[in-house]
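These notes are about the structure you will find just below.
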Amino acid sequence: MPAIVVVGAQWGDEGKGKATDQLGSRVDYVVKFNGGNNAGHTVVIDGEKYALHLLPSGILTPNVTPVIGNGVVVDLDVLFEELEGISARGVDTSKLLISGGAHIIASYHRTLDKVTERFLGKRRIGTTGRGIGPAYADKINRVGIRAWDLFDEKILRAKIEGSLEQKNQLLVKVYNRRAALVDEVVDELLGYAERLRPMVTDTSVVLNQALDRGETVLFEAGQATMLDIDHGTYPFVTSSSATAGGACTGSGVGPTRIDRVVGIVKAYTTRVGEGPFPTELFDQWGERLRDVGGEFGTTTGRPRRCGWYDSVIARYASRVNGLTDFVLTKLDVLTGIEQIPVCVAYEVDGKRVDELPTDQTAFHHAKPIYELFPGWTEDLSQVRRFEDLPRNAQDYVVALEELSGTRISSIGVGPGREATLQRHDLLD
Ligand code: GDP
Ligand code: IMO
Ligand code: MG
C-alpha cells in the first residue's frame, strides 16, 4: 500500500494527528500538503501529550521523513519554535524536508487576517488569526513569497516591494494601521534563510522517487472536508484544499499514484469558528460532549461547538474525497448516553433531502432528521477488539457505517496510541 491520504471528514479536529501517528511506524514519509499553523493536532504517546501545528504528525515517529509540501503556507517563526520545542523533548527533527514552492506567511499576513476579521464584524469567519487567508490570497494573486525566494535577496526584496505597495495603501488608508516596512520584512525573513536552506528541496522529486522504490507515503490533511475552500461551507471555510485532491496539487504527486483515501470522522460532530452546523446542540448535551470529549481548540483554546453525528456530511465526505475507509474516533465519549441521536437526512423548506445542499441558503435552513440508537454504559477505553464492545456500541458503529457510505475500518476509544480497535488493515 504505497500511498495513502488521510483527510478530516467533518469540520476538523477529528483526530487526524492520532491516526497518522498510529500508522507512523509502518510508513516512510508523512507529508503535510495544505494549510499551515491553523491546524492543531494533539498526539498522546505513552501518556505524554504533544501539540503540533505546522509540523506533520509523522515527525514524532523515528525513521519517518516528515515533509512540508508546496501546498502549505509556512510561518517561519512558528516553524523554528515548534522544531525547538519538540527537539527539547528528545524528538529527532533532522529529517524534515520543506518544498521550495511552499509559501511563506509574513507579519503583514497576520496583521491583515486580524484586521479584516474585525472589519467583517458580524460576517467574520472566526479565523485562527494566523495569517492563513491573506497568505493564500497572495499565492492566488501571484504576489506571494515562496521558500526558494529567501535564498536570493534581490528577488526577495523585489517581491516584497511589489506585494506591499498595494497592501500598505489598504493598511494605512482603509484599516488605519501602520504601513509594513520593506526593510523590516526582508530582514526578518532573511534572518531565517540559513537555517531553512538545508531543509528546502524539490519534494515532488523526493516523494515520487520514494514511491518508485515501493516505499510508503502518507499524506496528512490539515483542516477538513467541510472547511475546504471548494467543497466546504463557503465562505465559512479555510483558504486551502483540505480534501483528497489537495494531496496531489499540494505535493506534486499525481492522482494515479494514490491507493487509499481514509476519512477521519468523530462519533459526533464539532466545529470551531463561525458558520452553519445543522446538528449543533445548545443544551446540556452539547456541554456534555464538550466536557467529556475535551472539546477545546488545540490552536486557539476556543471551546468547540458540539453536536450529534451527521451522516449527510459523512456521505458527502465519502463522495468528494473518494474515501476507501473511515476511522471512527471518540466512540468512548458517547458512553452513558441512553439514546444517541444520529442525523440521517435534512429537512429543507418542508422537504426531506439526503444529499448535502450545496447552496448556502439551503444549507443554512437545513434541519436535521434524527434516528435514535440505544446507548451503553460500559467504559470502552480498555476494549481492543470490535467483538468485545457492548452490543449497542457495535450496533451504533454498524449503523453509522451503513448510513455513511464507506466502511469503518478502525475505531478510537481513547486518546492514546494504543486505544484503537482495528476491523480492516488501513495499509493492506
Ligand atoms: P486533529 O486536528 O484532527 O488532529 O484532531 P485534534 O488533535 O485537534 O483533536 C482530537 C482530540 O481528540 C485530541 O485531543 C486527541 O488526543 C483526542 N482523541 C483522538 N482520538 C480519540 C479517541 O478515540 N477517544 C478520545 N477520547 N480522544 C481521542
Ligand atoms: P485541524 O487540522 C478546526 C477553522 C477556523 C475558522 C476557519 C478559517 O486541527 O483540524 P483559518 O485560520 O484557517 O483562515 O480559519 O477554519 N479552522 C479549523 N477548525 N480545526 C482546524 O484544523 C482548523 N483550521 C482552521 O476556526 O472557522
Ligand atoms: Mg485539530
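Letters A, B, ... mark the chains of the C-alpha cells in the order given; residue numbers begin at 1 per chain; ligand numbers begin at 1, in order shown.
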Given 9 Å and only C-alpha atoms and all ligand atoms, residues near ligand 1 as a ChimeraX atom specification: /A:7-8,12-20,39-44,49-53,57,221-224,264-267,292-299,328-333,381,411-417,419-420
Which residues are close to A:Ala158, i.e. within 12 Å by only C-alpha atoms, leaving aside same-chain residues fewer than 6 positions away? Reply as a PDB file with C-alpha atoms, in the first residue's frame.
ATOM      1  CA  VAL A 143       2.289  38.169  -5.267  1.00  0.00           C
ATOM      2  CA  GLY A 144       3.292  35.514  -2.713  1.00  0.00           C
ATOM      3  CA  ILE A 145       6.755  34.751  -1.315  1.00  0.00           C
ATOM      4  CA  ASP A 149      12.828  33.303  -2.690  1.00  0.00           C
ATOM      5  CA  LEU A 150      14.634  33.555   0.640  1.00  0.00           C
ATOM      6  CA  ASP A 152      18.036  35.361  -3.419  1.00  0.00           C
ATOM      7  CA  LEU A 164       3.456  45.709  -0.070  1.00  0.00           C
ATOM      8  CA  GLU A 165       2.761  48.526  -2.489  1.00  0.00           C
ATOM      9  CA  VAL A 182      10.033  46.562   3.238  1.00  0.00           C
ATOM     10  CA  ASP A 183      13.400  46.561   5.035  1.00  0.00           C
ATOM     11  CA  VAL A 185      10.146  42.331   6.403  1.00  0.00           C
ATOM     12  CA  VAL A 186      13.203  41.492   4.262  1.00  0.00           C
TER      13      VAL A 186
END
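In terms of minimum interatomic distance to A:Arg423, A:Phe326 ranks closest within A:Phe326, A:Tyr234, A:Phe151, A:Tyr370, counting only C-alpha atoms.
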Atom CA of A:Val262 to atom CA of A:Glu355, distance in Å rounded to a single decimal: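 Taking atom CA of A:Val262 and atom CA of A:Glu355, their separation equals 20.6 Å.
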Residues within 8 Å of A:Glu338, only C-alpha atoms, excluding chain neighbours under 5 positions, as a PDB file with all heavy atoms, in the first residue's frame:
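Result saved to out-v7.pdb:
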ATOM      1  N   PRO A 374     -29.962   3.046  20.689  1.00  0.00           N
ATOM      2  CA  PRO A 374     -29.760   2.791  22.117  1.00  0.00           C
ATOM      3  C   PRO A 374     -28.280   2.867  22.503  1.00  0.00           C
ATOM      4  O   PRO A 374     -27.422   2.379  21.766  1.00  0.00           O
ATOM      5  CB  PRO A 374     -30.298   1.363  22.303  1.00  0.00           C
ATOM      6  CG  PRO A 374     -30.417   0.769  20.949  1.00  0.00           C
ATOM      7  CD  PRO A 374     -30.497   1.888  19.962  1.00  0.00           C
ATOM      8  N   GLY A 375     -28.012   3.503  23.646  1.00  0.00           N
ATOM      9  CA  GLY A 375     -26.624   3.682  24.084  1.00  0.00           C
ATOM     10  C   GLY A 375     -26.137   2.544  24.959  1.00  0.00           C
ATOM     11  O   GLY A 375     -26.764   1.484  25.042  1.00  0.00           O
ATOM     12  N   TRP A 376     -25.028   2.759  25.645  1.00  0.00           N
ATOM     13  CA  TRP A 376     -24.389   1.767  26.510  1.00  0.00           C
ATOM     14  C   TRP A 376     -23.792   2.486  27.706  1.00  0.00           C
ATOM     15  O   TRP A 376     -23.599   3.707  27.657  1.00  0.00           O
ATOM     16  CB  TRP A 376     -23.306   1.000  25.722  1.00  0.00           C
ATOM     17  CG  TRP A 376     -22.267   1.933  25.162  1.00  0.00           C
ATOM     18  CD1 TRP A 376     -21.114   2.342  25.753  1.00  0.00           C
ATOM     19  CD2 TRP A 376     -22.332   2.637  23.904  1.00  0.00           C
ATOM     20  NE1 TRP A 376     -20.450   3.241  24.956  1.00  0.00           N
ATOM     21  CE2 TRP A 376     -21.170   3.432  23.820  1.00  0.00           C
ATOM     22  CE3 TRP A 376     -23.241   2.671  22.833  1.00  0.00           C
ATOM     23  CZ2 TRP A 376     -20.899   4.266  22.716  1.00  0.00           C
ATOM     24  CZ3 TRP A 376     -22.971   3.488  21.737  1.00  0.00           C
ATOM     25  CH2 TRP A 376     -21.819   4.261  21.675  1.00  0.00           C
TER      26      TRP A 376
END
Which of A:Gln10, A:Ala102, A:Gln382, A:Gln360 sits closest to ligand 3 [using only C-alpha atoms and all ligand atoms]: A:Gln10
Proximity to A:Leu156 - best of A:Gly301, A:Met226, A:Asp187, A:Ala9, only C-alpha atoms: A:Asp187
Neighbour list for A:Glu418 as a PyMOL selection string, cut-off 9 Å, only C-alpha atoms, skip fewer than 4 positions in-chain: chain A and resi 22+45-46+384+414
Would you mind listing what lies within 12 Å of A:Ala242 as a compact mmCIF listing (two decimals) with C-alpha atoms, in the first residue's frame, with only C-alpha atoms counted and same-chain residues fewer than 6 positions away left out?
# COMPACT_ATOMS: atom_id res chain seq x y z
CA VAL A 5 -4.22 10.05 2.06
CA VAL A 6 -5.71 10.90 5.46
CA VAL A 7 -8.38 13.64 5.50
CA GLY A 8 -10.81 15.11 8.01
CA ALA A 9 -14.41 14.20 7.14
CA GLN A 10 -16.17 16.91 9.20
CA TRP A 11 -15.08 20.40 10.37
CA GLY A 12 -11.66 19.46 11.74
CA LYS A 32 1.54 17.80 5.12
CA PHE A 33 0.04 19.14 1.91
CA ASN A 34 -2.27 22.04 2.86
CA GLY A 35 -2.90 24.68 5.50
CA GLY A 36 -0.36 25.94 8.00
CA ALA A 39 -4.02 23.18 12.40
CA GLY A 71 0.54 23.39 -0.83
CA VAL A 72 1.39 24.50 2.73
CA PHE A 219 -0.41 12.41 3.01
CA GLU A 220 -1.86 14.12 6.07
CA ALA A 221 -4.51 16.83 5.59
CA GLY A 222 -4.93 19.76 7.89
CA GLN A 223 -8.49 21.04 8.49
CA ALA A 224 -11.26 19.02 6.86
CA THR A 225 -13.76 18.43 4.07
CA MET A 226 -16.32 20.94 5.36
CA LEU A 227 -13.57 23.59 5.71
CA ASP A 228 -12.23 23.02 2.18
CA ILE A 229 -12.11 26.16 0.01
CA ASP A 230 -14.11 24.46 -2.78
CA HIS A 231 -16.17 21.76 -1.08
CA GLY A 232 -16.72 23.24 2.39
CA CYS A 248 -1.88 15.81 -5.28
CA THR A 249 -1.74 19.54 -6.02
CA GLY A 250 -0.14 20.20 -2.64
CA GLY A 263 -11.55 9.83 6.22
CA ALA A 317 -17.15 13.39 2.59
CA VAL A 320 -15.95 14.28 -2.63
CA ASN A 321 -12.85 12.52 -1.28
Counting only C-alpha atoms, the residue of A:Ala193, A:Val253, A:Ile160, A:Ala244 that sits nearest A:Gly69: A:Val253
Closest pair table for stretch 212-283 of chain A residues within 10 Å of stretch 131-135 of chain A, only C-alpha atoms, as a Markdown table:
| residue | atom | partner | partner_atom | distance |
| --- | --- | --- | --- | --- |
| A:Val237 | CA | A:Gly133 | CA | 9.8 |
| A:Thr238 | CA | A:Gly133 | CA | 7.0 |
| A:Ser239 | CA | A:Gly133 | CA | 5.4 |
| A:Ser240 | CA | A:Gly133 | CA | 8.4 |
Non-local contacts of A:Val91 (12 Å; only C-alpha atoms; under 3 positions in same chain excluded) as a PyMOL selection string: chain A and resi 50+57-64+82-88+94-96
Output N, CA and C atoms for every residue in the selection just made, as a PDB file, in the first residue's frame.
ATOM      1  N   TYR A  50       1.667  15.671  22.932  1.00  0.00           N
ATOM      2  CA  TYR A  50       2.385  16.561  22.014  1.00  0.00           C
ATOM      3  C   TYR A  50       1.352  17.359  21.223  1.00  0.00           C
ATOM      4  N   SER A  57       2.358  15.259  11.685  1.00  0.00           N
ATOM      5  CA  SER A  57       2.350  14.413  12.894  1.00  0.00           C
ATOM      6  C   SER A  57       3.383  13.299  12.811  1.00  0.00           C
ATOM      7  N   GLY A  58       3.756  12.914  11.592  1.00  0.00           N
ATOM      8  CA  GLY A  58       4.763  11.866  11.418  1.00  0.00           C
ATOM      9  C   GLY A  58       6.112  12.206  12.021  1.00  0.00           C
ATOM     10  N   ILE A  59       6.331  13.462  12.370  1.00  0.00           N
ATOM     11  CA  ILE A  59       7.638  13.848  12.921  1.00  0.00           C
ATOM     12  C   ILE A  59       7.902  13.145  14.254  1.00  0.00           C
ATOM     13  N   LEU A  60       6.842  12.651  14.907  1.00  0.00           N
ATOM     14  CA  LEU A  60       7.020  12.006  16.215  1.00  0.00           C
ATOM     15  C   LEU A  60       7.486  10.556  16.095  1.00  0.00           C
ATOM     16  N   THR A  61       7.520  10.030  14.862  1.00  0.00           N
ATOM     17  CA  THR A  61       7.911   8.628  14.684  1.00  0.00           C
ATOM     18  C   THR A  61       9.334   8.540  14.151  1.00  0.00           C
ATOM     19  N   PRO A  62      10.217   7.845  14.885  1.00  0.00           N
ATOM     20  CA  PRO A  62      11.576   7.676  14.374  1.00  0.00           C
ATOM     21  C   PRO A  62      11.515   6.964  13.019  1.00  0.00           C
ATOM     22  N   ASN A  63      12.420   7.247  12.149  1.00  0.00           N
ATOM     23  CA  ASN A  63      12.520   6.644  10.808  1.00  0.00           C
ATOM     24  C   ASN A  63      11.579   7.246   9.764  1.00  0.00           C
ATOM     25  N   VAL A  64      10.575   8.006  10.192  1.00  0.00           N
ATOM     26  CA  VAL A  64       9.712   8.673   9.202  1.00  0.00           C
ATOM     27  C   VAL A  64      10.402   9.957   8.733  1.00  0.00           C
ATOM     28  N   GLU A  82       8.453  25.543  16.922  1.00  0.00           N
ATOM     29  CA  GLU A  82       7.907  24.195  17.105  1.00  0.00           C
ATOM     30  C   GLU A  82       9.020  23.149  17.032  1.00  0.00           C
ATOM     31  N   LEU A  83       9.961  23.348  16.093  1.00  0.00           N
ATOM     32  CA  LEU A  83      11.082  22.408  15.991  1.00  0.00           C
ATOM     33  C   LEU A  83      11.885  22.396  17.285  1.00  0.00           C
ATOM     34  N   GLU A  84      12.165  23.603  17.820  1.00  0.00           N
ATOM     35  CA  GLU A  84      12.941  23.668  19.069  1.00  0.00           C
ATOM     36  C   GLU A  84      12.179  22.999  20.210  1.00  0.00           C
ATOM     37  N   GLY A  85      10.863  23.259  20.265  1.00  0.00           N
ATOM     38  CA  GLY A  85      10.024  22.702  21.340  1.00  0.00           C
ATOM     39  C   GLY A  85      10.064  21.186  21.361  1.00  0.00           C
ATOM     40  N   ILE A  86       9.918  20.557  20.207  1.00  0.00           N
ATOM     41  CA  ILE A  86       9.878  19.091  20.251  1.00  0.00           C
ATOM     42  C   ILE A  86      11.289  18.489  20.293  1.00  0.00           C
ATOM     43  N   SER A  87      12.292  19.196  19.739  1.00  0.00           N
ATOM     44  CA  SER A  87      13.678  18.706  19.882  1.00  0.00           C
ATOM     45  C   SER A  87      14.049  18.647  21.354  1.00  0.00           C
ATOM     46  N   ALA A  88      13.629  19.674  22.100  1.00  0.00           N
ATOM     47  CA  ALA A  88      13.951  19.721  23.532  1.00  0.00           C
ATOM     48  C   ALA A  88      13.338  18.532  24.275  1.00  0.00           C
ATOM     49  N   SER A  94      15.737  16.133  12.503  1.00  0.00           N
ATOM     50  CA  SER A  94      16.747  16.440  11.481  1.00  0.00           C
ATOM     51  C   SER A  94      16.341  16.032  10.068  1.00  0.00           C
ATOM     52  N   LYS A  95      15.313  15.178   9.947  1.00  0.00           N
ATOM     53  CA  LYS A  95      14.981  14.694   8.599  1.00  0.00           C
ATOM     54  C   LYS A  95      13.960  15.571   7.867  1.00  0.00           C
ATOM     55  N   LEU A  96      13.438  16.604   8.533  1.00  0.00           N
ATOM     56  CA  LEU A  96      12.361  17.414   7.935  1.00  0.00           C
ATOM     57  C   LEU A  96      12.770  18.022   6.582  1.00  0.00           C
TER      58      LEU A  96
END
Residue nearest A:Arg197 - candidates A:Phe236, A:Tyr136, A:Tyr268, A:Trp148, atoms counted: only C-alpha atoms: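 Smallest distance to A:Arg197 is found for A:Trp148.
Using only C-alpha atoms and all ligand atoms, the smallest distance between any of A:Asn70, A:Thr243, A:Asn38, A:Ser318 and ligand 3 comes from A:Asn38.
Straight-line separation from atom CA of A:Val348 to atom CA of A:Arg304: 25.5 Å.
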Residues of stretch 25-242 of chain A in strand (DSSP E) according to DSSP, as a PDB file with N, CA, C and O atoms, in the first residue's frame?
ATOM      1  N   TYR A  29       7.305   8.134   4.733  1.00  0.00           N
ATOM      2  CA  TYR A  29       7.190   9.598   4.619  1.00  0.00           C
ATOM      3  C   TYR A  29       5.804  10.022   5.112  1.00  0.00           C
ATOM      4  O   TYR A  29       4.812   9.345   4.828  1.00  0.00           O
ATOM      5  N   VAL A  30       5.741  11.149   5.832  1.00  0.00           N
ATOM      6  CA  VAL A  30       4.444  11.760   6.150  1.00  0.00           C
ATOM      7  C   VAL A  30       4.471  13.187   5.604  1.00  0.00           C
ATOM      8  O   VAL A  30       5.358  13.973   5.942  1.00  0.00           O
ATOM      9  N   VAL A  31       3.514  13.491   4.731  1.00  0.00           N
ATOM     10  CA  VAL A  31       3.519  14.767   4.017  1.00  0.00           C
ATOM     11  C   VAL A  31       2.339  15.626   4.438  1.00  0.00           C
ATOM     12  O   VAL A  31       1.189  15.199   4.327  1.00  0.00           O
ATOM     13  N   LYS A  32       2.623  16.823   4.920  1.00  0.00           N
ATOM     14  CA  LYS A  32       1.539  17.801   5.120  1.00  0.00           C
ATOM     15  C   LYS A  32       1.393  18.534   3.794  1.00  0.00           C
ATOM     16  O   LYS A  32       2.385  19.002   3.232  1.00  0.00           O
ATOM     17  N   HIS A  41      -2.934  19.478  16.168  1.00  0.00           N
ATOM     18  CA  HIS A  41      -3.082  18.038  16.341  1.00  0.00           C
ATOM     19  C   HIS A  41      -2.500  17.651  17.689  1.00  0.00           C
ATOM     20  O   HIS A  41      -1.339  17.912  17.957  1.00  0.00           O
ATOM     21  N   THR A  42      -3.321  17.012  18.523  1.00  0.00           N
ATOM     22  CA  THR A  42      -2.805  16.512  19.799  1.00  0.00           C
ATOM     23  C   THR A  42      -2.559  15.018  19.654  1.00  0.00           C
ATOM     24  O   THR A  42      -3.448  14.271  19.257  1.00  0.00           O
ATOM     25  N   VAL A  43      -1.340  14.609  19.944  1.00  0.00           N
ATOM     26  CA  VAL A  43      -0.982  13.197  19.856  1.00  0.00           C
ATOM     27  C   VAL A  43      -0.500  12.767  21.232  1.00  0.00           C
ATOM     28  O   VAL A  43       0.293  13.476  21.860  1.00  0.00           O
ATOM     29  N   VAL A  44      -1.011  11.632  21.703  1.00  0.00           N
ATOM     30  CA  VAL A  44      -0.624  11.160  23.033  1.00  0.00           C
ATOM     31  C   VAL A  44       0.160   9.857  22.892  1.00  0.00           C
ATOM     32  O   VAL A  44      -0.346   8.866  22.373  1.00  0.00           O
ATOM     33  N   ILE A  45       1.426   9.882  23.329  1.00  0.00           N
ATOM     34  CA  ILE A  45       2.287   8.702  23.224  1.00  0.00           C
ATOM     35  C   ILE A  45       2.775   8.351  24.627  1.00  0.00           C
ATOM     36  O   ILE A  45       3.421   9.174  25.276  1.00  0.00           O
ATOM     37  N   GLU A  48       2.264  10.824  27.250  1.00  0.00           N
ATOM     38  CA  GLU A  48       2.848  12.161  27.001  1.00  0.00           C
ATOM     39  C   GLU A  48       2.106  12.847  25.876  1.00  0.00           C
ATOM     40  O   GLU A  48       1.896  12.259  24.815  1.00  0.00           O
ATOM     41  N   LYS A  49       1.735  14.113  26.085  1.00  0.00           N
ATOM     42  CA  LYS A  49       0.947  14.857  25.104  1.00  0.00           C
ATOM     43  C   LYS A  49       1.860  15.729  24.239  1.00  0.00           C
ATOM     44  O   LYS A  49       2.720  16.444  24.753  1.00  0.00           O
ATOM     45  N   TYR A  50       1.667  15.671  22.932  1.00  0.00           N
ATOM     46  CA  TYR A  50       2.385  16.561  22.014  1.00  0.00           C
ATOM     47  C   TYR A  50       1.352  17.359  21.223  1.00  0.00           C
ATOM     48  O   TYR A  50       0.405  16.770  20.688  1.00  0.00           O
ATOM     49  N   ALA A  51       1.521  18.683  21.145  1.00  0.00           N
ATOM     50  CA  ALA A  51       0.612  19.510  20.330  1.00  0.00           C
ATOM     51  C   ALA A  51       1.389  20.024  19.120  1.00  0.00           C
ATOM     52  O   ALA A  51       2.396  20.716  19.269  1.00  0.00           O
ATOM     53  N   LEU A  52       0.962  19.632  17.938  1.00  0.00           N
ATOM     54  CA  LEU A  52       1.637  20.056  16.711  1.00  0.00           C
ATOM     55  C   LEU A  52       0.734  20.997  15.931  1.00  0.00           C
ATOM     56  O   LEU A  52      -0.489  20.806  15.903  1.00  0.00           O
ATOM     57  N   THR A  65      10.344  10.216   7.430  1.00  0.00           N
ATOM     58  CA  THR A  65      10.807  11.513   6.930  1.00  0.00           C
ATOM     59  C   THR A  65       9.585  12.427   6.810  1.00  0.00           C
ATOM     60  O   THR A  65       8.693  12.174   6.004  1.00  0.00           O
ATOM     61  N   PRO A  66       9.520  13.483   7.644  1.00  0.00           N
ATOM     62  CA  PRO A  66       8.387  14.403   7.551  1.00  0.00           C
ATOM     63  C   PRO A  66       8.615  15.414   6.431  1.00  0.00           C
ATOM     64  O   PRO A  66       9.737  15.896   6.253  1.00  0.00           O
ATOM     65  N   VAL A  67       7.546  15.713   5.691  1.00  0.00           N
ATOM     66  CA  VAL A  67       7.677  16.604   4.534  1.00  0.00           C
ATOM     67  C   VAL A  67       6.591  17.682   4.606  1.00  0.00           C
ATOM     68  O   VAL A  67       5.427  17.381   4.852  1.00  0.00           O
ATOM     69  N   ILE A  68       6.989  18.923   4.361  1.00  0.00           N
ATOM     70  CA  ILE A  68       6.028  20.020   4.211  1.00  0.00           C
ATOM     71  C   ILE A  68       5.951  20.308   2.724  1.00  0.00           C
ATOM     72  O   ILE A  68       6.938  20.732   2.104  1.00  0.00           O
ATOM     73  N   VAL A  73       1.298  26.732   3.737  1.00  0.00           N
ATOM     74  CA  VAL A  73       1.817  28.079   3.998  1.00  0.00           C
ATOM     75  C   VAL A  73       2.596  28.040   5.318  1.00  0.00           C
ATOM     76  O   VAL A  73       2.082  27.564   6.328  1.00  0.00           O
ATOM     77  N   VAL A  74       3.843  28.533   5.276  1.00  0.00           N
ATOM     78  CA  VAL A  74       4.766  28.328   6.395  1.00  0.00           C
ATOM     79  C   VAL A  74       5.076  29.640   7.111  1.00  0.00           C
ATOM     80  O   VAL A  74       5.580  30.587   6.497  1.00  0.00           O
ATOM     81  N   LEU A  97      11.881  17.839   5.587  1.00  0.00           N
ATOM     82  CA  LEU A  97      12.089  18.442   4.270  1.00  0.00           C
ATOM     83  C   LEU A  97      10.955  19.429   3.985  1.00  0.00           C
ATOM     84  O   LEU A  97       9.803  19.158   4.329  1.00  0.00           O
ATOM     85  N   ILE A  98      11.306  20.531   3.338  1.00  0.00           N
ATOM     86  CA  ILE A  98      10.287  21.553   3.020  1.00  0.00           C
ATOM     87  C   ILE A  98      10.373  21.871   1.530  1.00  0.00           C
ATOM     88  O   ILE A  98      11.469  22.109   0.993  1.00  0.00           O
ATOM     89  N   SER A  99       9.234  21.894   0.884  1.00  0.00           N
ATOM     90  CA  SER A  99       9.209  22.225  -0.537  1.00  0.00           C
ATOM     91  C   SER A  99       9.607  23.682  -0.747  1.00  0.00           C
ATOM     92  O   SER A  99       9.115  24.577  -0.047  1.00  0.00           O
ATOM     93  N   HIS A 103       4.575  28.466   0.307  1.00  0.00           N
ATOM     94  CA  HIS A 103       4.502  29.921   0.501  1.00  0.00           C
ATOM     95  C   HIS A 103       4.772  30.294   1.948  1.00  0.00           C
ATOM     96  O   HIS A 103       4.554  29.504   2.864  1.00  0.00           O
ATOM     97  N   ILE A 104       5.274  31.523   2.111  1.00  0.00           N
ATOM     98  CA  ILE A 104       5.688  31.993   3.434  1.00  0.00           C
ATOM     99  C   ILE A 104       4.626  32.939   3.998  1.00  0.00           C
ATOM    100  O   ILE A 104       4.122  33.810   3.284  1.00  0.00           O
ATOM    101  N   VAL A 200      15.244  22.750   2.547  1.00  0.00           N
ATOM    102  CA  VAL A 200      14.450  23.058   1.353  1.00  0.00           C
ATOM    103  C   VAL A 200      14.929  22.264   0.152  1.00  0.00           C
ATOM    104  O   VAL A 200      16.130  22.214  -0.142  1.00  0.00           O
ATOM    105  N   THR A 201      13.985  21.630  -0.523  1.00  0.00           N
ATOM    106  CA  THR A 201      14.338  20.825  -1.685  1.00  0.00           C
ATOM    107  C   THR A 201      13.118  20.692  -2.595  1.00  0.00           C
ATOM    108  O   THR A 201      12.038  21.197  -2.284  1.00  0.00           O
ATOM    109  N   VAL A 217       4.081   6.289   1.492  1.00  0.00           N
ATOM    110  CA  VAL A 217       3.950   7.724   1.746  1.00  0.00           C
ATOM    111  C   VAL A 217       2.546   8.003   2.270  1.00  0.00           C
ATOM    112  O   VAL A 217       1.560   7.573   1.662  1.00  0.00           O
ATOM    113  N   LEU A 218       2.469   8.701   3.397  1.00  0.00           N
ATOM    114  CA  LEU A 218       1.168   9.079   3.944  1.00  0.00           C
ATOM    115  C   LEU A 218       1.005  10.590   3.794  1.00  0.00           C
ATOM    116  O   LEU A 218       1.880  11.358   4.192  1.00  0.00           O
ATOM    117  N   PHE A 219      -0.101  10.999   3.195  1.00  0.00           N
ATOM    118  CA  PHE A 219      -0.412  12.415   3.011  1.00  0.00           C
ATOM    119  C   PHE A 219      -1.416  12.815   4.076  1.00  0.00           C
ATOM    120  O   PHE A 219      -2.523  12.267   4.125  1.00  0.00           O
ATOM    121  N   GLU A 220      -1.026  13.761   4.918  1.00  0.00           N
ATOM    122  CA  GLU A 220      -1.856  14.120   6.069  1.00  0.00           C
ATOM    123  C   GLU A 220      -2.484  15.501   5.866  1.00  0.00           C
ATOM    124  O   GLU A 220      -1.782  16.506   5.793  1.00  0.00           O
TER     125      GLU A 220
END
